[in-house]
file structure_1.pdb (PDB, C-alpha atoms, pLDDT in the B column)
ATOM      1  CA  MET P   1      98.761 103.258  94.570  1.00 65.00           C
ATOM      2  CA  ALA P   2      95.393 104.430  95.861  1.00 83.00           C
ATOM      3  CA  VAL P   3      95.191 107.811  97.554  1.00 87.00           C
ATOM      4  CA  ARG P   4      92.727 107.672 100.412  1.00 90.00           C
ATOM      5  CA  LEU P   5      90.452 110.129 102.179  1.00 92.00           C
ATOM      6  CA  LEU P   6      91.012 110.941 105.831  1.00 91.00           C
ATOM      7  CA  PRO P   7      88.310 110.153 108.412  1.00 90.00           C
ATOM      8  CA  THR P   8      87.994 113.901 109.082  1.00 91.00           C
ATOM      9  CA  ILE P   9      85.692 114.196 106.059  1.00 90.00           C
ATOM     10  CA  ASP P  10      82.934 113.143 108.480  1.00 92.00           C
ATOM     11  CA  GLN P  11      83.075 116.722 109.832  1.00 92.00           C
ATOM     12  CA  LEU P  12      82.230 118.279 106.461  1.00 93.00           C
ATOM     13  CA  PRO P  13      78.781 119.483 105.406  1.00 94.00           C
ATOM     14  CA  GLN P  14      76.830 116.672 103.742  1.00 95.00           C
ATOM     15  CA  PRO P  15      77.013 118.034 100.144  1.00 94.00           C
ATOM     16  CA  LEU P  16      80.768 118.468 100.440  1.00 95.00           C
ATOM     17  CA  ARG P  17      81.149 115.030 102.022  1.00 95.00           C
ATOM     18  CA  ARG P  18      79.278 113.490  99.058  1.00 95.00           C
ATOM     19  CA  PHE P  19      81.592 115.349  96.658  1.00 95.00           C
ATOM     20  CA  MET P  20      84.658 114.051  98.512  1.00 95.00           C
ATOM     21  CA  ASP P  21      83.296 110.495  98.504  1.00 94.00           C
ATOM     22  CA  ARG P  22      83.023 110.653  94.698  1.00 95.00           C
ATOM     23  CA  LEU P  23      86.533 111.986  94.020  1.00 95.00           C
ATOM     24  CA  THR P  24      88.436 109.961  91.445  1.00 94.00           C
ATOM     25  CA  GLN P  25      91.981 108.784  92.074  1.00 92.00           C
ATOM     26  CA  GLU P  26      93.129 111.449  89.580  1.00 91.00           C
ATOM     27  CA  GLN P  27      91.414 114.176  91.601  1.00 94.00           C
ATOM     28  CA  LYS P  28      92.846 112.871  94.867  1.00 94.00           C
ATOM     29  CA  LEU P  29      96.335 112.800  93.374  1.00 91.00           C
ATOM     30  CA  LEU P  30      95.955 116.391  92.175  1.00 93.00           C
ATOM     31  CA  LEU P  31      94.997 117.414  95.717  1.00 95.00           C
ATOM     32  CA  VAL P  32      98.068 115.686  97.140  1.00 93.00           C
ATOM     33  CA  LEU P  33     100.307 117.317  94.522  1.00 92.00           C
ATOM     34  CA  LYS P  34      98.749 120.696  95.266  1.00 94.00           C
ATOM     35  CA  ARG P  35      99.625 120.313  98.940  1.00 92.00           C
ATOM     36  CA  GLU P  36     103.016 118.635  98.674  1.00 90.00           C
ATOM     37  CA  LEU P  37     104.537 120.320  95.607  1.00 89.00           C
ATOM     38  CA  TYR P  38     102.694 123.616  95.295  1.00 93.00           C
ATOM     39  CA  HIS P  39     102.195 124.771  98.899  1.00 91.00           C
ATOM     40  CA  ASN P  40      98.380 124.476  98.670  1.00 93.00           C
ATOM     41  CA  ASP P  41      98.147 126.814  95.677  1.00 95.00           C
ATOM     42  CA  TRP P  42      96.422 125.706  92.461  1.00 96.00           C
ATOM     43  CA  ARG P  43      97.872 128.483  90.290  1.00 95.00           C
ATOM     44  CA  PRO P  44     101.466 127.195  89.988  1.00 93.00           C
ATOM     45  CA  MET P  45     100.176 123.711  89.140  1.00 91.00           C
ATOM     46  CA  GLN P  46      97.878 125.121  86.468  1.00 93.00           C
ATOM     47  CA  THR P  47     100.792 127.157  85.087  1.00 91.00           C
ATOM     48  CA  ASP P  48     102.987 124.039  84.943  1.00 87.00           C
ATOM     49  CA  LEU P  49     100.293 122.085  83.129  1.00 87.00           C
ATOM     50  CA  ARG P  50      99.681 124.880  80.623  1.00 87.00           C
ATOM     51  CA  HIS P  51     103.434 125.242  80.026  1.00 85.00           C
ATOM     52  CA  ARG P  52     103.605 121.539  79.324  1.00 82.00           C
ATOM     53  CA  LEU P  53     100.807 121.859  76.767  1.00 83.00           C
ATOM     54  CA  GLU P  54     102.634 124.754  75.114  1.00 83.00           C
ATOM     55  CA  GLY P  55     105.954 122.904  75.047  1.00 82.00           C
ATOM     56  CA  ARG P  56     107.490 125.374  77.501  1.00 76.00           C
ATOM     57  CA  PRO P  57     109.562 124.476  80.579  1.00 67.00           C
ATOM     58  CA  TYR P  58     107.503 122.991  83.410  1.00 62.00           C
ATOM     59  CA  VAL P  59     108.002 121.327  86.789  1.00 60.00           C
ATOM     60  CA  LEU P  60     105.261 118.707  87.080  1.00 58.00           C
ATOM     61  CA  ARG P  61     105.477 115.552  84.967  1.00 59.00           C
ATOM     62  CA  LEU P  62     101.993 114.058  84.898  1.00 54.00           C
ATOM     63  CA  ALA P  63     100.832 111.413  82.462  1.00 50.00           C
ATOM     64  CA  ALA P  64      98.787 112.772  79.512  1.00 57.00           C
ATOM     65  CA  ARG P  65      95.263 114.085  80.224  1.00 73.00           C
ATOM     66  CA  ILE P  66      96.481 117.610  80.967  1.00 81.00           C
ATOM     67  CA  ASP P  67      93.278 119.212  79.720  1.00 83.00           C
ATOM     68  CA  GLU P  68      91.271 116.872  81.931  1.00 87.00           C
ATOM     69  CA  ASP P  69      93.481 117.674  84.923  1.00 89.00           C
ATOM     70  CA  LEU P  70      92.966 121.393  84.349  1.00 91.00           C
ATOM     71  CA  GLU P  71      89.198 120.830  84.306  1.00 92.00           C
ATOM     72  CA  ARG P  72      89.420 118.783  87.518  1.00 94.00           C
ATOM     73  CA  ILE P  73      91.411 121.557  89.174  1.00 95.00           C
ATOM     74  CA  GLU P  74      88.877 124.205  88.156  1.00 96.00           C
ATOM     75  CA  GLN P  75      86.019 122.117  89.553  1.00 96.00           C
ATOM     76  CA  MET P  76      87.821 121.542  92.853  1.00 96.00           C
ATOM     77  CA  GLN P  77      88.769 125.238  93.081  1.00 97.00           C
ATOM     78  CA  GLN P  78      85.101 126.171  92.779  1.00 97.00           C
ATOM     79  CA  ILE P  79      84.147 123.700  95.513  1.00 96.00           C
ATOM     80  CA  GLU P  80      86.920 125.024  97.771  1.00 96.00           C
ATOM     81  CA  GLN P  81      85.804 128.612  97.251  1.00 97.00           C
ATOM     82  CA  HIS P  82      82.138 127.802  97.793  1.00 96.00           C
ATOM     83  CA  TYR P  83      82.725 125.876 101.039  1.00 95.00           C
ATOM     84  CA  ARG P  84      85.820 127.857 102.097  1.00 95.00           C
ATOM     85  CA  VAL P  85      87.876 124.721 102.639  1.00 95.00           C
ATOM     86  CA  ASP P  86      91.082 123.233 101.326  1.00 95.00           C
ATOM     87  CA  LEU P  87      90.152 119.803  99.989  1.00 95.00           C
ATOM     88  CA  ALA P  88      93.780 118.661 100.312  1.00 94.00           C
ATOM     89  CA  ASP P  89      93.304 118.741 104.098  1.00 94.00           C
ATOM     90  CA  TYR P  90      91.086 115.676 103.754  1.00 94.00           C
ATOM     91  CA  ILE P  91      93.456 113.527 101.667  1.00 93.00           C
ATOM     92  CA  ALA P  92      96.161 111.280 103.117  1.00 91.00           C
ATOM     93  CA  ASP P  93      99.801 112.137 102.416  1.00 84.00           C
ATOM     94  CA  LEU P  94     101.569 110.038  99.801  1.00 73.00           C
ATOM     95  CA  ALA P  95     103.902 108.639 102.465  1.00 65.00           C
ATOM     96  CA  GLU P  96     100.886 107.423 104.504  1.00 65.00           C
ATOM     97  CA  THR P  97      99.339 105.937 101.367  1.00 57.00           C
ATOM     98  CA  GLU P  98     102.513 104.040 100.478  1.00 54.00           C
ATOM     99  CA  LEU P  99     102.803 102.641 104.003  1.00 48.00           C
ATOM    100  CA  SER P 100      99.247 101.331 103.966  1.00 54.00           C
ATOM    101  CA  THR P 101      99.590  99.456 100.646  1.00 47.00           C
TER     102      THR P 101
END
call {"tool": "encode", "arguments": {"input": "structure_1.pdb", "output": "structure tokens"}}
result
Amino acid sequence: MAVRLLPTIDQLPQPLRRFMDRLTQEQKLLLVLKRELYHNDWRPMQTDLRHRLEGRPYVLRLAARIDEDLERIEQMQQIEQHYRVDLADYIADLAETELST
């Protein structure tokens, strides 16, 4: 399943548009999860991932690469803060993605 960008990214400043164009599928999925499971808040997702690493109870069940996902989240948080945007607003919902495949 490939998560896709929305056409609204055309409205973004050029540097941010280039960043969005280079997002990996893992990054796009994290943005969708942020929006759909965590009410557009990175902190609970980061807490879940850290709890998983520590063997504590957690909500999100992602495949391996937790450290990498935490790094991806931190990078995207910095971009969101710098440009004052929510990157998840520019990613298609999972339901839309499933319908288009």
call {"tool": "resolve_selection", "arguments": {"input": "structure_1.pdb", "expression": "the PyMOL selection byres ((chain P and resi 28-40) around 10)", "output": "PDB file with C-alpha atoms, in the coordinates of the input"}}
result
ATOM      1  CA  MET P   1      98.761 103.258  94.570  1.00 65.00           C
ATOM      2  CA  ALA P   2      95.393 104.430  95.861  1.00 83.00           C
ATOM      3  CA  VAL P   3      95.191 107.811  97.554  1.00 87.00           C
ATOM      4  CA  ARG P   4      92.727 107.672 100.412  1.00 90.00           C
ATOM      5  CA  LEU P   5      90.452 110.129 102.179  1.00 92.00           C
ATOM      6  CA  MET P  20      84.658 114.051  98.512  1.00 95.00           C
ATOM      7  CA  LEU P  23      86.533 111.986  94.020  1.00 95.00           C
ATOM      8  CA  THR P  24      88.436 109.961  91.445  1.00 94.00           C
ATOM      9  CA  GLN P  25      91.981 108.784  92.074  1.00 92.00           C
ATOM     10  CA  GLU P  26      93.129 111.449  89.580  1.00 91.00           C
ATOM     11  CA  GLN P  27      91.414 114.176  91.601  1.00 94.00           C
ATOM     12  CA  ASP P  41      98.147 126.814  95.677  1.00 95.00           C
ATOM     13  CA  TRP P  42      96.422 125.706  92.461  1.00 96.00           C
ATOM     14  CA  ARG P  43      97.872 128.483  90.290  1.00 95.00           C
ATOM     15  CA  PRO P  44     101.466 127.195  89.988  1.00 93.00           C
ATOM     16  CA  MET P  45     100.176 123.711  89.140  1.00 91.00           C
ATOM     17  CA  GLN P  46      97.878 125.121  86.468  1.00 93.00           C
ATOM     18  CA  VAL P  59     108.002 121.327  86.789  1.00 60.00           C
ATOM     19  CA  LEU P  60     105.261 118.707  87.080  1.00 58.00           C
ATOM     20  CA  LEU P  62     101.993 114.058  84.898  1.00 54.00           C
ATOM     21  CA  ASP P  69      93.481 117.674  84.923  1.00 89.00           C
ATOM     22  CA  LEU P  70      92.966 121.393  84.349  1.00 91.00           C
ATOM     23  CA  ARG P  72      89.420 118.783  87.518  1.00 94.00           C
ATOM     24  CA  ILE P  73      91.411 121.557  89.174  1.00 95.00           C
ATOM     25  CA  MET P  76      87.821 121.542  92.853  1.00 96.00           C
ATOM     26  CA  ASP P  86      91.082 123.233 101.326  1.00 95.00           C
ATOM     27  CA  LEU P  87      90.152 119.803  99.989  1.00 95.00           C
ATOM     28  CA  ALA P  88      93.780 118.661 100.312  1.00 94.00           C
ATOM     29  CA  ASP P  89      93.304 118.741 104.098  1.00 94.00           C
ATOM     30  CA  TYR P  90      91.086 115.676 103.754  1.00 94.00           C
ATOM     31  CA  ILE P  91      93.456 113.527 101.667  1.00 93.00           C
ATOM     32  CA  ALA P  92      96.161 111.280 103.117  1.00 91.00           C
ATOM     33  CA  ASP P  93      99.801 112.137 102.416  1.00 84.00           C
ATOM     34  CA  LEU P  94     101.569 110.038  99.801  1.00 73.00           C
TER      35      LEU P  94
END
call {"tool": "atom_distance", "arguments": {"input": "structure_1.pdb", "atom1": "CA of Arg52 in chain P", "atom2": "CA of Gln75 in chain P"}}
result
20.4 Å
call {"tool": "atom_distance", "arguments": {"input": "structure_1.pdb", "atom1": "CA of Thr8 in chain P", "atom2": "CA of Ile79 in chain P"}}
result
17.2 Å
call {"tool": "atom_distance", "arguments": {"input": "structure_1.pdb", "atom1": "CA of His51 in chain P", "atom2": "CA of His82 in chain P"}}
result
27.9 Å
call {"tool": "closest_residue", "arguments": {"input": "structure_1.pdb", "among": "P:Leu49, P:Glu74, P:Arg56, P:Glu80", "to": "Phe19 in chain P", "atoms": "all atoms listed in the file"}}
result
P:Glu80
call {"tool": "closest_residue", "arguments": {"input": "structure_1.pdb", "among": "P:Ile66, P:Val85, P:Leu6, P:Leu53", "to": "Asp21 in chain P", "atoms": "all atoms listed in the file"}}
result
P:Leu6
call {"tool": "axis_aligned_box", "arguments": {"input": "structure_1.pdb", "around": "range 4-23 of chain P", "padding_each_side": "5 Å", "output": "lines of an AutoDock Vina configuration file"}}
result
center_x = 84.8
center_y = 113.6
center_z = 101.9
size_x = 25.9
size_y = 21.8
size_z = 25.8
